[in-house]
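*Asks:* Provided herewith: start_23.txt, compact mmCIF, C-alpha atoms.
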```txt
# COMPACT_ATOMS: atom_id res chain seq x y z
CA MET A 1 0.00 0.00 0.00
CA ILE A 2 1.22 3.52 -0.81
CA THR A 3 1.54 5.23 2.57
CA ARG A 4 3.11 8.56 1.68
CA PHE A 5 4.76 10.57 -1.07
CA ASP A 6 7.56 13.05 -1.51
CA ILE A 7 7.92 15.65 -4.26
CA GLU A 8 11.30 17.25 -4.98
CA ASP A 9 12.39 20.09 -7.26
CA LYS A 10 15.81 19.05 -8.62
CA ARG A 11 17.81 21.39 -10.85
CA PHE A 12 21.21 20.83 -12.44
CA PRO A 13 23.13 23.72 -14.05
CA LEU A 14 25.07 22.58 -17.14
CA ASN A 15 28.50 23.36 -18.50
CA THR A 16 28.71 26.35 -20.84
CA GLY A 17 26.86 25.72 -24.08
CA ALA A 18 25.63 22.23 -23.14
CA GLY A 19 21.97 21.55 -23.80
CA SER A 20 21.52 24.69 -25.90
CA ASP A 21 19.35 24.82 -29.00
CA ALA A 22 17.86 27.46 -31.27
CA VAL A 23 15.02 28.25 -28.85
CA HIS A 24 16.37 27.24 -25.42
CA LYS A 25 19.67 29.10 -25.15
CA ASP A 26 20.42 28.73 -21.41
CA PRO A 27 18.77 25.55 -20.13
CA ILE A 28 18.95 24.29 -16.58
CA TYR A 29 18.14 20.59 -16.78
CA SER A 30 15.55 19.95 -14.08
CA TYR A 31 13.29 17.22 -12.77
CA ALA A 32 10.01 17.33 -10.95
CA VAL A 33 10.60 14.17 -8.90
CA THR A 34 7.78 12.11 -7.39
CA ARG A 35 8.57 9.41 -4.84
CA LEU A 36 5.78 7.07 -3.78
CA VAL A 37 6.58 5.10 -0.61
CA ASP A 38 4.77 1.87 0.27
CA ASP A 39 4.30 0.09 3.58
CA LYS A 40 7.33 -2.14 2.86
CA GLY A 41 9.60 0.88 2.48
CA ARG A 42 9.88 0.52 -1.29
CA ILE A 43 10.15 3.81 -3.18
CA GLY A 44 8.80 4.36 -6.66
CA THR A 45 10.58 7.25 -8.39
CA GLY A 46 9.06 9.15 -11.30
CA LEU A 47 10.42 12.08 -13.27
CA ALA A 48 9.08 14.90 -15.37
CA PHE A 49 11.66 16.97 -17.23
CA THR A 50 11.86 20.76 -17.56
CA ILE A 51 14.67 23.19 -18.27
CA GLY A 52 14.37 25.29 -15.14
CA ALA A 53 11.80 28.01 -14.59
CA GLY A 54 8.43 26.61 -13.57
CA ASN A 55 9.78 23.31 -12.31
CA ASP A 56 8.36 24.21 -8.89
CA LEU A 57 4.89 24.60 -10.44
CA VAL A 58 5.09 21.09 -11.88
CA CYS A 59 6.08 19.82 -8.43
CA LYS A 60 3.08 21.50 -6.83
CA ALA A 61 0.76 19.91 -9.38
CA ALA A 62 2.40 16.50 -8.89
CA ALA A 63 1.56 16.66 -5.20
CA PHE A 64 -2.10 17.08 -6.13
CA TYR A 65 -2.07 13.80 -8.08
CA ALA A 66 0.18 11.85 -5.71
CA GLU A 67 -2.05 12.57 -2.73
CA ARG A 68 -4.90 10.75 -4.47
CA LEU A 69 -2.89 7.52 -4.57
CA VAL A 70 -2.16 7.33 -0.85
CA GLY A 71 -3.85 4.30 0.67
CA LYS A 72 -3.95 2.34 -2.61
CA GLY A 73 -2.04 -0.87 -3.29
CA ILE A 74 0.23 -0.72 -6.29
CA GLU A 75 -0.94 -4.03 -7.77
CA GLU A 76 -4.61 -3.07 -7.59
CA THR A 77 -3.75 0.37 -8.92
CA MET A 78 -1.89 -0.92 -11.96
CA ALA A 79 -4.47 -3.62 -12.71
CA ASP A 80 -6.89 -0.79 -13.46
CA PHE A 81 -4.52 2.06 -14.17
CA GLY A 82 -6.22 3.09 -17.41
CA ARG A 83 -9.34 4.06 -15.48
CA ILE A 84 -7.30 5.77 -12.74
CA PHE A 85 -5.28 7.71 -15.32
CA ASN A 86 -8.51 8.82 -16.99
CA ALA A 87 -9.95 9.98 -13.67
CA LEU A 88 -6.81 11.89 -12.66
CA SER A 89 -6.31 13.57 -16.03
CA ASN A 90 -9.97 14.59 -16.15
CA GLU A 91 -10.35 15.84 -12.58
CA GLN A 92 -12.73 18.68 -13.33
CA GLN A 93 -10.86 21.62 -11.83
CA PHE A 94 -7.32 20.55 -12.67
CA ARG A 95 -8.36 19.56 -16.19
CA TRP A 96 -9.20 23.21 -16.84
CA LEU A 97 -5.49 24.00 -16.55
CA GLY A 98 -4.76 21.71 -19.52
CA PRO A 99 -6.57 19.84 -20.65
CA HIS A 100 -4.02 17.05 -21.00
CA LYS A 101 -1.12 19.40 -21.56
CA GLY A 102 1.23 21.82 -19.85
CA ILE A 103 2.13 21.87 -16.17
CA VAL A 104 -0.66 19.57 -15.04
CA HIS A 105 0.14 16.89 -17.61
CA LEU A 106 3.86 17.02 -16.85
CA ALA A 107 2.94 16.54 -13.21
CA LEU A 108 0.79 13.54 -14.07
CA ALA A 109 3.75 12.09 -15.98
CA SER A 110 5.93 12.33 -12.88
CA VAL A 111 3.36 10.54 -10.72
CA THR A 112 2.49 7.96 -13.39
CA ASN A 113 6.15 7.11 -13.90
CA ALA A 114 6.58 6.68 -10.13
CA CYS A 115 3.71 4.16 -10.20
CA TYR A 116 5.39 2.09 -12.90
CA ASP A 117 8.72 2.20 -11.05
CA LEU A 118 7.10 1.06 -7.80
CA TRP A 119 5.22 -1.69 -9.66
CA ALA A 120 8.47 -3.04 -11.12
CA LYS A 121 10.22 -2.85 -7.74
CA THR A 122 7.32 -4.64 -6.07
CA ARG A 123 7.73 -7.49 -8.57
CA GLY A 124 11.52 -7.37 -8.25
CA VAL A 125 12.27 -6.88 -11.96
CA PRO A 126 13.47 -4.16 -14.34
CA LEU A 127 10.66 -2.17 -15.90
CA TRP A 128 11.32 -3.60 -19.37
CA LYS A 129 10.96 -7.12 -17.93
CA LEU A 130 7.71 -6.27 -16.16
CA LEU A 131 6.21 -4.78 -19.32
CA THR A 132 7.34 -7.55 -21.67
CA ASP A 133 5.91 -10.22 -19.33
CA LEU A 134 2.42 -8.66 -19.31
CA THR A 135 -0.36 -10.14 -21.41
CA ALA A 136 -2.05 -7.99 -24.02
CA THR A 137 -5.09 -7.51 -21.78
CA GLU A 138 -2.92 -6.56 -18.81
CA ILE A 139 -1.12 -3.95 -20.91
CA VAL A 140 -4.33 -2.45 -22.24
CA ASN A 141 -5.76 -2.29 -18.72
CA THR A 142 -3.02 0.23 -17.91
CA LEU A 143 -4.04 2.53 -20.78
CA ASP A 144 -6.56 5.30 -21.24
CA LEU A 145 -7.64 5.01 -24.86
CA SER A 146 -10.38 7.63 -24.65
CA TYR A 147 -10.54 9.94 -27.68
CA LEU A 148 -8.71 7.29 -29.70
CA GLU A 149 -11.71 5.05 -30.33
CA ASP A 150 -11.99 6.16 -33.97
CA GLU A 151 -8.55 4.65 -34.54
CA LEU A 152 -7.86 2.23 -31.68
CA THR A 153 -10.41 0.61 -29.39
CA ALA A 154 -9.39 -1.53 -26.43
CA GLN A 155 -10.33 -4.65 -28.40
CA GLN A 156 -8.24 -3.54 -31.38
CA ALA A 157 -5.30 -2.71 -29.10
CA ILE A 158 -5.46 -6.18 -27.53
CA ALA A 159 -5.59 -7.81 -30.97
CA LEU A 160 -2.62 -5.77 -32.20
CA LEU A 161 -0.60 -6.67 -29.12
CA GLU A 162 -1.51 -10.35 -29.29
CA THR A 163 -0.39 -10.53 -32.91
CA ASN A 164 3.02 -9.11 -32.02
CA LEU A 165 3.40 -10.93 -28.69
CA ALA A 166 3.06 -14.21 -30.59
CA THR A 167 6.50 -13.57 -32.14
CA LYS A 168 8.20 -11.78 -29.25
CA ASP A 169 10.65 -14.66 -28.60
CA SER A 170 12.27 -13.93 -31.96
CA ARG A 171 13.12 -10.43 -30.72
CA MET A 172 14.47 -11.29 -27.26
CA GLY A 173 18.03 -11.27 -28.59
CA ILE A 174 18.08 -7.49 -28.16
CA ILE A 175 18.51 -8.04 -24.42
CA ASP A 176 22.01 -9.36 -25.05
CA SER A 177 22.92 -7.40 -28.18
CA GLY A 178 21.63 -3.98 -27.13
CA TYR A 179 20.75 -1.31 -29.67
CA THR A 180 22.38 1.76 -31.16
CA GLY A 181 22.62 5.07 -29.37
CA TYR A 182 23.01 8.38 -31.14
CA ASP A 183 25.05 11.27 -29.79
CA THR A 184 23.27 14.64 -29.49
CA SER A 185 26.03 16.29 -27.49
CA VAL A 186 28.25 16.71 -30.55
CA GLY A 187 26.30 19.69 -31.82
CA TRP A 188 24.65 21.86 -29.20
CA PHE A 189 23.59 25.19 -30.65
CA ASN A 190 26.03 27.39 -28.72
CA TYR A 191 29.08 25.31 -29.56
CA SER A 192 31.61 26.77 -31.97
CA ASP A 193 32.21 25.15 -35.34
CA GLU A 194 35.56 23.82 -34.15
CA GLN A 195 33.95 22.40 -31.02
CA VAL A 196 31.38 20.62 -33.18
CA ARG A 197 34.14 19.24 -35.36
CA GLU A 198 36.10 17.96 -32.35
CA ASN A 199 32.99 16.51 -30.71
CA CYS A 200 32.19 14.59 -33.89
CA ARG A 201 35.67 13.08 -33.91
CA ARG A 202 35.31 12.11 -30.26
CA ALA A 203 31.90 10.52 -30.87
CA LEU A 204 33.33 8.41 -33.68
CA ASP A 205 36.23 7.36 -31.45
CA ASN A 206 33.66 6.29 -28.82
CA GLY A 207 31.89 4.05 -31.29
CA PHE A 208 28.95 6.25 -32.28
CA SER A 209 27.83 5.91 -35.88
CA ALA A 210 24.86 8.28 -35.47
CA MET A 211 24.81 11.87 -34.22
CA LYS A 212 22.64 14.99 -34.19
CA LEU A 213 23.28 18.68 -34.85
CA LYS A 214 21.20 21.58 -33.54
CA VAL A 215 20.15 24.01 -36.28
CA GLY A 216 17.76 26.96 -36.45
CA SER A 217 20.17 29.90 -36.68
CA THR A 218 19.01 33.36 -37.73
CA ASP A 219 21.55 32.97 -40.52
CA PRO A 220 20.69 29.82 -42.51
CA LEU A 221 24.21 29.76 -43.94
CA ARG A 222 25.52 28.94 -40.45
CA ASP A 223 23.25 25.88 -40.32
CA ILE A 224 24.29 24.74 -43.77
CA LYS A 225 27.99 25.16 -42.98
CA ARG A 226 27.76 23.29 -39.67
CA ALA A 227 25.68 20.47 -41.18
CA HIS A 228 28.35 19.93 -43.80
CA ILE A 229 31.04 19.96 -41.10
CA VAL A 230 29.29 17.08 -39.32
CA ARG A 231 28.84 15.17 -42.56
CA GLU A 232 32.47 15.75 -43.54
CA VAL A 233 33.82 14.51 -40.21
CA ALA A 234 31.33 11.67 -39.73
CA GLY A 235 31.55 10.43 -43.31
CA ASP A 236 28.89 9.35 -45.76
CA ALA A 237 28.16 6.11 -43.90
CA ALA A 238 27.18 7.86 -40.66
CA THR A 239 23.60 8.66 -39.70
CA VAL A 240 23.25 12.42 -39.16
CA MET A 241 20.08 14.09 -37.87
CA LEU A 242 19.28 17.82 -37.77
CA ASP A 243 17.11 19.42 -35.07
CA ALA A 244 15.60 22.92 -35.37
CA ASN A 245 13.70 22.81 -32.05
CA GLN A 246 10.61 24.51 -33.56
CA GLN A 247 12.50 27.63 -34.62
CA TRP A 248 11.35 27.97 -38.23
CA THR A 249 8.10 29.19 -39.70
CA LEU A 250 6.80 27.00 -42.50
CA PRO A 251 8.19 29.23 -45.30
CA GLN A 252 11.57 29.28 -43.56
CA ALA A 253 11.50 25.52 -43.06
CA LEU A 254 10.67 24.86 -46.70
CA SER A 255 13.55 27.05 -47.84
CA ILE A 256 16.27 25.87 -45.47
CA CYS A 257 15.31 22.18 -45.64
CA ASP A 258 15.68 22.32 -49.40
CA GLU A 259 19.22 23.61 -48.91
CA LEU A 260 20.03 21.02 -46.24
CA LYS A 261 19.09 18.11 -48.48
CA ALA A 262 22.58 18.23 -49.99
CA MET A 263 24.21 16.80 -46.85
CA ASN A 264 21.69 13.92 -46.74
CA PRO A 265 20.20 14.19 -43.25
CA TYR A 266 18.49 11.09 -41.87
CA TRP A 267 15.72 13.30 -40.50
CA ILE A 268 14.93 16.94 -39.80
CA GLU A 269 13.50 17.25 -36.32
CA GLU A 270 10.95 19.72 -34.95
CA PRO A 271 11.13 21.98 -38.02
CA THR A 272 8.28 24.25 -36.89
CA HIS A 273 5.68 24.78 -34.17
CA PRO A 274 4.51 21.44 -32.69
CA ASP A 275 0.83 22.46 -32.79
CA ASP A 276 0.93 23.16 -36.52
CA ILE A 277 0.10 19.72 -37.85
CA LEU A 278 -0.76 20.93 -41.35
CA ALA A 279 2.60 22.69 -41.64
CA HIS A 280 4.32 19.42 -40.79
CA LYS A 281 2.22 17.67 -43.41
CA THR A 282 3.19 20.26 -46.04
CA LEU A 283 6.86 19.94 -45.15
CA THR A 284 6.74 16.13 -44.99
CA ASP A 285 5.43 16.03 -48.55
CA ALA A 286 7.86 18.70 -49.78
CA ILE A 287 11.14 17.26 -48.52
CA ALA A 288 10.50 13.55 -49.17
CA PRO A 289 12.33 11.19 -49.14
CA ILE A 290 13.98 12.95 -46.20
CA LYS A 291 11.82 12.36 -43.13
CA VAL A 292 10.39 14.78 -40.59
CA ALA A 293 10.73 13.78 -36.93
CA MET A 294 8.52 15.27 -34.23
CA GLY A 295 6.98 14.64 -30.83
CA GLU A 296 9.23 16.13 -28.18
CA HIS A 297 6.68 18.86 -27.44
CA VAL A 298 3.49 17.08 -28.45
CA PRO A 299 1.59 16.80 -25.17
CA ASN A 300 -0.88 13.95 -25.57
CA ARG A 301 -2.10 10.94 -27.53
CA ILE A 302 -4.89 12.86 -29.28
CA VAL A 303 -2.50 15.23 -31.04
CA PHE A 304 -0.27 12.30 -32.01
CA LYS A 305 -3.36 10.61 -33.45
CA ASN A 306 -3.96 13.63 -35.68
CA TYR A 307 -0.33 13.62 -36.88
CA LEU A 308 -0.66 9.96 -37.82
CA GLN A 309 -4.03 10.39 -39.49
CA LEU A 310 -2.57 13.08 -41.76
CA ASN A 311 0.70 11.23 -42.42
CA ALA A 312 2.49 14.32 -41.16
CA ALA A 313 5.62 12.72 -39.68
CA GLY A 314 8.15 10.06 -40.58
CA PHE A 315 9.42 9.45 -37.04
CA VAL A 316 7.51 9.88 -33.78
CA GLN A 317 9.56 11.04 -30.79
CA VAL A 318 7.01 10.60 -28.02
CA ASP A 319 8.50 11.36 -24.62
CA ALA A 320 7.27 9.58 -21.48
CA VAL A 321 8.16 12.61 -19.36
CA ARG A 322 6.21 14.97 -21.62
CA VAL A 323 2.98 13.04 -22.30
CA GLY A 324 1.21 11.54 -19.27
CA GLY A 325 3.97 9.08 -18.46
CA VAL A 326 4.58 5.45 -19.43
CA SER A 327 0.85 4.74 -19.83
CA GLU A 328 0.25 7.38 -22.49
CA PHE A 329 3.60 6.59 -24.11
CA ILE A 330 2.41 3.03 -24.70
CA SER A 331 -0.90 4.28 -26.13
CA VAL A 332 1.00 6.42 -28.65
CA SER A 333 3.34 3.55 -29.49
CA LEU A 334 0.36 1.33 -30.23
CA LEU A 335 -1.07 3.95 -32.58
CA CYS A 336 2.29 4.23 -34.33
CA ARG A 337 2.49 0.45 -34.66
CA LYS A 338 -0.90 0.46 -36.37
CA TYR A 339 0.41 3.06 -38.83
CA ASN A 340 3.87 1.44 -39.12
CA ILE A 341 5.58 4.68 -38.12
CA PRO A 342 8.85 4.25 -36.19
CA VAL A 343 9.01 5.39 -32.56
CA VAL A 344 12.33 6.91 -31.52
CA PRO A 345 11.75 8.46 -28.07
CA HIS A 346 12.98 11.91 -27.23
CA VAL A 347 15.40 11.61 -24.33
CA GLY A 348 14.34 14.42 -22.01
CA ASP A 349 15.21 12.28 -19.01
CA MET A 350 18.72 11.32 -20.18
CA GLY A 351 17.53 7.93 -21.37
CA GLN A 352 17.06 6.43 -17.92
CA LEU A 353 13.39 5.58 -18.46
CA HIS A 354 13.28 5.39 -22.24
CA GLN A 355 15.91 2.65 -22.45
CA HIS A 356 13.29 0.34 -20.91
CA LEU A 357 10.56 1.51 -23.26
CA VAL A 358 12.62 0.95 -26.41
CA LEU A 359 13.02 -2.69 -25.33
CA PHE A 360 9.30 -3.04 -24.64
CA ASN A 361 8.35 -1.41 -27.94
CA HIS A 362 10.60 -3.79 -29.83
CA ILE A 363 9.94 -7.05 -27.98
CA SER A 364 6.23 -6.79 -27.26
CA MET A 365 5.04 -4.52 -30.04
CA GLY A 366 7.36 -5.35 -32.91
CA HIS A 367 8.69 -1.83 -33.39
CA GLU A 368 12.11 -1.68 -34.98
CA ALA A 369 14.70 -0.70 -32.36
CA LEU A 370 16.40 1.90 -34.53
CA PHE A 371 18.32 3.79 -31.88
CA LEU A 372 17.94 6.01 -28.83
CA GLU A 373 19.32 9.45 -28.15
CA HIS A 374 22.22 9.62 -25.69
CA ILE A 375 22.83 12.76 -23.62
CA PRO A 376 25.37 12.22 -20.82
CA HIS A 377 25.15 15.44 -18.83
CA LEU A 378 23.22 14.09 -15.81
CA LYS A 379 24.44 10.50 -15.71
CA SER A 380 26.47 11.09 -12.56
CA HIS A 381 23.31 11.99 -10.62
CA PHE A 382 21.63 8.59 -11.02
CA VAL A 383 22.03 5.51 -8.83
CA HIS A 384 22.01 3.32 -11.94
CA PRO A 385 23.04 5.51 -14.89
CA VAL A 386 22.51 4.28 -18.43
CA GLN A 387 25.33 2.19 -19.78
CA ILE A 388 26.45 2.67 -23.35
CA GLU A 389 29.53 0.98 -24.79
CA GLY A 390 30.86 1.42 -28.30
CA GLY A 391 27.78 3.46 -29.14
CA VAL A 392 25.44 0.66 -28.03
CA TYR A 393 22.94 0.79 -25.14
CA LYS A 394 23.40 -2.06 -22.64
CA THR A 395 20.28 -3.58 -21.07
CA PRO A 396 19.60 -2.41 -17.49
CA MET A 397 19.21 -5.32 -15.07
CA GLU A 398 18.47 -3.50 -11.80
CA VAL A 399 14.88 -3.54 -10.55
CA GLY A 400 12.68 -0.59 -11.45
CA SER A 401 12.92 2.06 -14.15
CA SER A 402 16.49 3.29 -13.48
CA CYS A 403 15.19 6.69 -12.31
CA ASP A 404 16.45 6.76 -8.70
CA LEU A 405 18.60 9.83 -8.07
CA LEU A 406 21.60 10.02 -5.77
```
What does this structure look like when you write it as structure tokens?

*Replies:*
Amino acid sequence: MITRFDIEDKRFPLNTGAGSDAVHKDPIYSYAVTRLVDDKGRIGTGLAFTIGAGNDLVCKAAAFYAERLVGKGIEETMADFGRIFNALSNEQQFRWLGPHKGIVHLALASVTNACYDLWAKTRGVPLWKLLTDLTATEIVNTLDLSYLEDELTAQQAIALLETNLATKDSRMGIIDSGYTGYDTSVGWFNYSDEQVRENCRRALDNGFSAMKLKVGSTDPLRDIKRAHIVREVAGDAATVMLDANQQWTLPQALSICDELKAMNPYWIEEPTHPDDILAHKTLTDAIAPIKVAMGEHVPNRIVFKNYLQLNAAGFVQVDAVRVGGVSEFISVSLLCRKYNIPVVPHVGDMGQLHQHLVLFNHISMGHEALFLEHIPHLKSHFVHPVQIEGGVYKTPMEVGSSCDLL
């Protein structure tokens, strides 16, 4: 039984230039941390990610949700978590502050993720193991599929899962082999050209074959120059992604993306405002076969549904600390599986949680495990930091979701 909770505002200043992009120039990586404590002394830790200001507001909202779980057993909670999630996210007064977005939804992510961590610790297994051992019905019972019924009913979700679970043994090899990580830290926005060049060399030396550059400069020539620097250093065989962090208007995006085609990017990420689905559709059609990636700032499953319905993205980067936690992440992944759109999570939490979800997506849902972003800046603050060797993520074996902080 959950007997109490603790909410903590954790902020971590970064080294000069680290974490910077075209929109967020001076980030302070921060977590709204929820800890749910049960009567056995086990602690479920959940995170929501911000970049500083307002993190305290997310913490205050998380306390509102966490208080409603006190007195509940974690097994009974998770057996019916879809209904509980629906009730929490639609609490009449708090819902007004969203709905299903912003501070209140980030807070719900923190509390939801703490529930999944406590559930895995109660069963004594890593989160990926807990999730991959669940039946299709058990998985769907953790989901709120409301507003998705036109695309994915509970019965359809169970059928989709059962089809893929039937072949999951053929995909269990990923536990031993791991999967590719890609290095975002090579090309933060505020880094000099020479620093980008040196970081690319270092990433290659460390075994990375995929890396990402931040673009979105006021001078498009700077973006073009830096993109070609990364391609020159990494070589033609490397996978190079470009990320504009929503900086461009649609006309700007159409113009600059046409210029960037020459260096053969694997995707162009967040090219414009995340609420402008039609702009993404226009750009997706215009720059094909280069793909558009999006999802870091898409707040809920309903908006993702609309992106998929319009074929407005080539890669979906749903983030379990941005949507309503692991539960809503899985709902979005199921939608993407129906549409055969790859899921490559955004790593707002430094990969601690998402490394488990990539394994679940691949093993239980049949998603291709393409790769996962790697950002090392906060690794030293975790009890069990992600392990990546030769550019490959190693499977976490400790119980829980790897989110406990030192």

*Asks:* If we count all atoms listed in the file, what is near His381 of chain A at a cut-off of 12 Å, once residues fewer than 2 positions away on the same chain are taken out, given as a list in words?

*Replies:* Lys10, Arg11, Phe12, Tyr29, Ser30, Tyr31, Asp349, Met350, Gln352, Pro376, His377, Leu378, Lys379, Val383, His384, Pro385, Val386, Ser402, Cys403, Asp404, Leu405 and Leu406 of chain A

*Asks:* Could you write out that same residue set with C-alpha atoms as a compact mmCIF listing (two decimals), keeping the file's coordinate frame?

*Replies:*
```txt
# COMPACT_ATOMS: atom_id res chain seq x y z
CA LYS A 10 15.81 19.05 -8.62
CA ARG A 11 17.81 21.39 -10.85
CA PHE A 12 21.21 20.83 -12.44
CA TYR A 29 18.14 20.59 -16.78
CA SER A 30 15.55 19.95 -14.08
CA TYR A 31 13.29 17.22 -12.77
CA ASP A 349 15.21 12.28 -19.01
CA MET A 350 18.72 11.32 -20.18
CA GLN A 352 17.06 6.43 -17.92
CA PRO A 376 25.37 12.22 -20.82
CA HIS A 377 25.15 15.44 -18.83
CA LEU A 378 23.22 14.09 -15.81
CA LYS A 379 24.44 10.50 -15.71
CA VAL A 383 22.03 5.51 -8.83
CA HIS A 384 22.01 3.32 -11.94
CA PRO A 385 23.04 5.51 -14.89
CA VAL A 386 22.51 4.28 -18.43
CA SER A 402 16.49 3.29 -13.48
CA CYS A 403 15.19 6.69 -12.31
CA ASP A 404 16.45 6.76 -8.70
CA LEU A 405 18.60 9.83 -8.07
CA LEU A 406 21.60 10.02 -5.77
```

*Asks:* Of the candidates A:Gln246, A:Thr284, A:Ser327, A:Thr16, which shows the shortest atom-to-atom distance to Glu138 of chain A, using all atoms listed in the file?

*Replies:*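 Going through A:Gln246, A:Thr284, A:Ser327, A:Thr16 one by one, the smallest distance to Glu138 of chain A is for A:Ser327.
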
*Asks:* Set the distance at 9 Å and use all atoms listed in the file: which residues neighbour Thr137 of chain A once local chain neighbours fewer than 2 positions away are removed? I'd like the list as a VMD selection string.

*Replies:* chain A and resid 134 to 135 139 to 142 154 to 155 157 to 158 161 to 162

*Asks:* Please compute the atom CA of Lys394 of chain A-atom CA of His374 of chain A distance, one decimal, in Å.

*Replies:* 12.1 Å

*Asks:* Quick one: everything within 12 Å of Ala253 of chain A, counting all atoms listed in the file, minus sequence neighbours fewer than 2 positions away in the same chain. Send it as a PyMOL selection string.

*Replies:* chain A and resi 215-217+220+243-251+255-261+268-273+279-280+282-284+286-287+292

*Asks:* Measuring between all atoms listed in the file, which one of A:Leu254, A:Lys214, A:Asp319, A:Phe85 shows the shortest distance to Tyr191 of chain A?

*Replies:*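 Distance minimum relative to Tyr191 of chain A lands on A:Lys214.
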
*Asks:* Please determine, counting all atoms listed in the file, which residue among A:Ser110, A:Trp188, A:His356, A:Leu372 has the shortest atom-to-atom distance to Asp26 of chain A.

*Replies:*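 Looking only at the distances to Asp26 of chain A, the closest residue turns out to be A:Trp188.
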
*Asks:* To one decimal place, how far is atom CA of Ala262 of chain A from atom CA of Gly391 of chain A in Å?

*Replies:*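 Separating atom CA of Ala262 of chain A from atom CA of Gly391 of chain A is a distance of 26.1 Å.
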
*Asks:* Give the answer as one residue: which of A:Val321, A:Ile2, A:Ala109, A:Met365 has the shortest atom-to-atom distance to Pro342 of chain A, using all atoms listed in the file?

*Replies:* A:Met365

*Asks:* Quick check, in Å to one decimal: how far apart do atom CA of Met263 of chain A and atom CA of Gly187 of chain A lie?

*Replies:*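 So the two atoms, atom CA of Met263 of chain A and atom CA of Gly187 of chain A, lie 15.4 Å apart.
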
*Asks:* So that I can check the surroundings of Ser146 of chain A, please list as a PyMOL selection string every protein, DNA and RNA residue that reaches within 10 Å of it, counting only C-alpha atoms and ignoring chain neighbours fewer than 3 positions away.

*Replies:* chain A and resi 82-83+86+143+149-150+152-154+301-302

*Asks:* Residues within 8 Å of segment 65-77 of chain A, please, as a ChimeraX atom specification. Count all atoms listed in the file; anything in the same chain fewer than 5 positions from it doesn't count.

*Replies:* /A:1-5,34,36,84,88,107-108,111,115,118-119

*Asks:* Which residue out of A:Ile174, A:Leu148, A:Asp219, A:Met211 has the minimum interatomic distance to Arg231 of chain A when only C-alpha atoms are used?

*Replies:*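 That would be A:Met211, the residue with the smallest distance to Arg231 of chain A.
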
*Asks:* As lines of an AutoDock Vina configuration file, please report the centre and edge lengths, rounded to one decimal in Å, of the axis-aligned box that holds all listed atoms of segment 344-358 of chain A with 3 Å of padding on each of the six sides.

*Replies:*
```
center_x = 14.6
center_y = 7.4
center_z = -24.7
size_x = 14.2
size_y = 20.1
size_z = 19.6
```
